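Below is one structure; the comments refer to it alone.
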Amino acid sequence: MATSAAKLLPKEEFILPGTRSCAACGLMLTYRHALKALDPGKTIVAVPASCMTVLHGVYPITPVKVICINNPFGATGAAASGIAAGLKALGNDDYTVLAFAGDGGTYDIGIQALSGAFERGANFLYICYDNEGYMNTGTQRSSASPAGAITSTTPVLAKLQHKKNMIGIVEAHRIPYIATASPAFPLDLYDKVKTAKDTYGPRYMEVHAPCPPGWGFPNKDLIKMGKLAVDSGIHVLFEIKDGVFKLTSRSLSLAEKGKKKTISEYIKGQTRFKKISQDQINSLQEFVDQRWNEFLERHHRNSF
Amino acid sequence: MKNEQTKESTIRAISRPSKGEAGKTGDWRSQTPVIDQEKCSQKESCLLCWLYCPDGVISREFPLEIDLEYCKGCGICAQECPRKAIRMVDGRNPSEKNAS
């Protein structure tokens with residue numbers, strides 16, 4: 001049953017105010033609602049070097065009321081499988097192991113540890129917050145950055161390659177639960193983390209986390225940008241339970257009725273796209289449309 | 001016994017949870033949210049500002065209160081409020097001047 005109203009979410013906050021994260025941080029909003037869905041007394045978080053480490057604070061204080069282990073950049077998957085194995089050996093089956101890494105730590109640097117852990121069937125939930133670049137170190141290009149975006153390592157031509165199909169790579173491991181979410185749709189995010197919590201085995205979630213300083217839009221537009229990304233099909237909300245694909249939330253209503261917005265509407269509010277050429281816009285639109293049609297087809301195939 | 005001693009002598013770097021890890025983040029603000037309680041629906045069915053606040057500094061109980069000591073002034077609440085009951089006012093502490 002989908003959570004329908006904000007009042008149904010737990011009242012307790014697990015992130016204390018006064019954190020080091022930027023104002024209007026998409027990651028922080030994601031983390032806030034993800035922790036509400038988990039049982040923070042029974043959760044162990046593994047994080048790599050990232051904006052997450054910044055959020056978790058500098059010794060000896062942390063704003064987060066959850067046990068957390070800091071790891072090297074490429075080791076999130078390995079650390080999480082180690083924690084899961086340790087908990088199993090001690091008989092603590094009621095704990096949830098949560099690995100929380102950015103797109104750099106998932107798409108690029110952490111992919112071998114992640115793939116290894118999924119292949120072994122380690123029992124943990126991996127959430128990738130995708131802010132489309134190495135935002136913590138200064139907006140460098142990652143393989144999750146969209147084509148046409150200026151980053152500090154692609155300052156002249158803007159990025160030429162399209163985003164990597166990480167969901168496809170993860171799906172190839174045949175894990176029981178895969179989902180995408182967005183902090184602009186917190187109730188959907190909450191439900192998915194809850195479902196993931198109650199699933200056994202490796203679970204993967206990808207959250208599209210808008211980053212105002214990295215993408216170049218005003219802080220107040222965080223939710224608007226997140227919604228535009230879903231409305232334009234840049235990010236699609238779905239879940240894959242045991243191989244069964246299903247669109248959810250806003251993406252589902254877009255598929256049933258309503259028209260997808262164009263890419264131009266999404267990119268015009270962001271300064272990172274200021275050098276994008278018309279060819280690149282067309283190519284991006286084509287890329288997004290093609291992916292959207294694939295998703296639509298899979299959704300319809302499974303709903304009959 | 002021996003084990004306990006070893007435990008005691010192990011140096012562990014464990015952070016403890018506390019408010020204001022980065023100091024009083026309200027200092028970062030250049031605009032401050034001000035709630036017009038009369039425009040606010042005061043209904044639990046809304047709570048969009050509470051839902052969308054990344055820092056979780058808006059109370060869940062009505063009348064809503066914003067923890068200005070830690071509010072970073074991003075303006076999401078003012079932008080997302082369906083009744084436009086929250087507006088952003090220039091300055092870090094406008095409530096002192098414009099107290100209604």
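Each chain in the structure tokens gets a letter, A, B, ..., in the order shown, and its residues are numbered from 1; ligands are numbered from 1 in order too.
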
Set the distance at 8 Å and use only C-alpha atoms: which residues neighbour Ala2 of chain A once local chain neighbours fewer than 5 positions away are removed? I'd like the list as a ChimeraX atom specification. /A:187-188,191

Convert the current residue selection to file output with N, CA and C atoms, as a PDB file, in the first residue's frame.
```
ATOM      1  N   LEU A 187       7.412  10.437  -0.770  1.00  0.00           N
ATOM      2  CA  LEU A 187       6.562   9.340  -0.319  1.00  0.00           C
ATOM      3  C   LEU A 187       6.873   8.067  -1.100  1.00  0.00           C
ATOM      4  N   ASP A 188       7.105   8.245  -2.395  1.00  0.00           N
ATOM      5  CA  ASP A 188       7.491   7.126  -3.256  1.00  0.00           C
ATOM      6  C   ASP A 188       8.848   6.564  -2.811  1.00  0.00           C
ATOM      7  N   ASP A 191       8.401   4.577   0.422  1.00  0.00           N
ATOM      8  CA  ASP A 191       7.817   3.259   0.183  1.00  0.00           C
ATOM      9  C   ASP A 191       8.838   2.282  -0.385  1.00  0.00           C
TER      10      ASP A 191
END
```

Env of Tyr70 of chain B: 6 Å cut, atoms = only C-alpha atoms, seq-sep filter 6 positions within chain, self excluded. Answer as a list of chain:residue names.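 Near neighbours after the sequence-gap exclusion: A:Gly18, B:Lys24, B:Thr25, B:Gly26.
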
Same residues, N, CA and C atoms, saved as a short mmCIF file (atom, residue, chain, number, x, y, z; two decimals), in the first residue's frame:
```cif
data_model
loop_
_atom_site.label_atom_id
_atom_site.label_comp_id
_atom_site.auth_asym_id
_atom_site.auth_seq_id
_atom_site.Cartn_x
_atom_site.Cartn_y
_atom_site.Cartn_z
N GLY A 18 21.96 21.39 11.67
CA GLY A 18 23.30 21.95 11.77
C GLY A 18 24.34 21.07 11.12
N LYS B 24 26.32 26.85 14.16
CA LYS B 24 24.94 27.34 13.98
C LYS B 24 24.78 27.67 12.50
N THR B 25 24.20 26.72 11.75
CA THR B 25 24.14 26.90 10.30
C THR B 25 23.16 27.99 9.88
N GLY B 26 22.40 28.52 10.83
CA GLY B 26 21.53 29.66 10.52
C GLY B 26 22.34 30.86 10.06
#
```

Please report as number ranges by chain which residues of chain A come no farther than 8 Å from chain B, using only C-alpha atoms. A: 5-7, 11, 13, 15-20, 23-26, 28-29, 32, 57-65, 184, 186, 219-223

Judged by only C-alpha atoms, the minimum distance to Tyr200 of chain A among A:Pro218, A:Gly168, A:Gly121, A:Gly133 is found for A:Gly121

Taking 6 positions as the minimum chain separation for residues in the same chain, which residues sit within 12 Å of Ile175 of chain A when counting only C-alpha atoms? Answer as a PyMOL selection string. chain A and resi 115+117-126+167-169+196+199-205+240-244

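You can rank A:Gln285, A:Ser277, A:Asn302, A:Thr151 by their closest distance to Lys261 of chain A using only C-alpha atoms, and at the top of that list sits A:Gln285.
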
Considering only C-alpha atoms, return as a compact mmCIF listing (two decimals) with N, CA and C atoms, in the first residue's frame whatever protein or nucleic-acid residues lie within 10 Å of Thr271 of chain A, sequence-local ones (same chain, fewer than 4 positions apart) excluded.
```
# COMPACT_ATOMS: atom_id res chain seq x y z
N ALA A 149 26.60 18.51 -20.44
CA ALA A 149 26.81 19.24 -19.19
C ALA A 149 28.25 19.71 -19.05
N ILE A 150 28.41 20.95 -18.60
CA ILE A 150 29.75 21.45 -18.31
C ILE A 150 30.13 20.95 -16.93
N PRO A 212 22.11 21.86 -6.34
CA PRO A 212 22.06 23.26 -6.80
C PRO A 212 23.42 23.87 -7.15
N PRO A 213 24.48 23.74 -6.32
CA PRO A 213 25.74 24.36 -6.73
C PRO A 213 26.39 23.67 -7.92
N GLY A 214 26.23 22.35 -8.03
CA GLY A 214 26.87 21.61 -9.12
C GLY A 214 26.16 21.78 -10.45
N TRP A 215 24.84 21.90 -10.41
CA TRP A 215 24.08 21.99 -11.65
C TRP A 215 23.80 23.43 -12.04
N GLY A 216 23.92 24.31 -11.08
CA GLY A 216 23.70 25.72 -11.37
C GLY A 216 22.25 26.10 -11.47
N PHE A 217 21.49 25.90 -10.40
CA PHE A 217 20.13 26.44 -10.34
C PHE A 217 19.89 26.96 -8.93
N ILE A 267 16.56 21.52 -19.20
CA ILE A 267 17.93 22.03 -19.19
C ILE A 267 18.01 23.56 -19.11
N LYS A 275 26.38 25.57 -22.51
CA LYS A 275 27.13 25.43 -23.76
C LYS A 275 26.59 24.34 -24.66
```

Just list as a list in words whatever in segment 45-99 of chain A DSSP marks as helix (DSSP H, G or I).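 These are the residues in question: Cys51, Met52, Thr53, Val54, Leu55, Phe73, Gly74, Ala75, Thr76, Gly77, Ala78, Ala79, Ala80, Ser81, Gly82, Ile83, Ala84, Ala85, Gly86, Leu87, Lys88, Ala89 and Leu90 of chain A.
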
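When atom CA of Asp94 of chain A is paired with atom CA of Val45 of chain A, their separation reads 14.3 Å.
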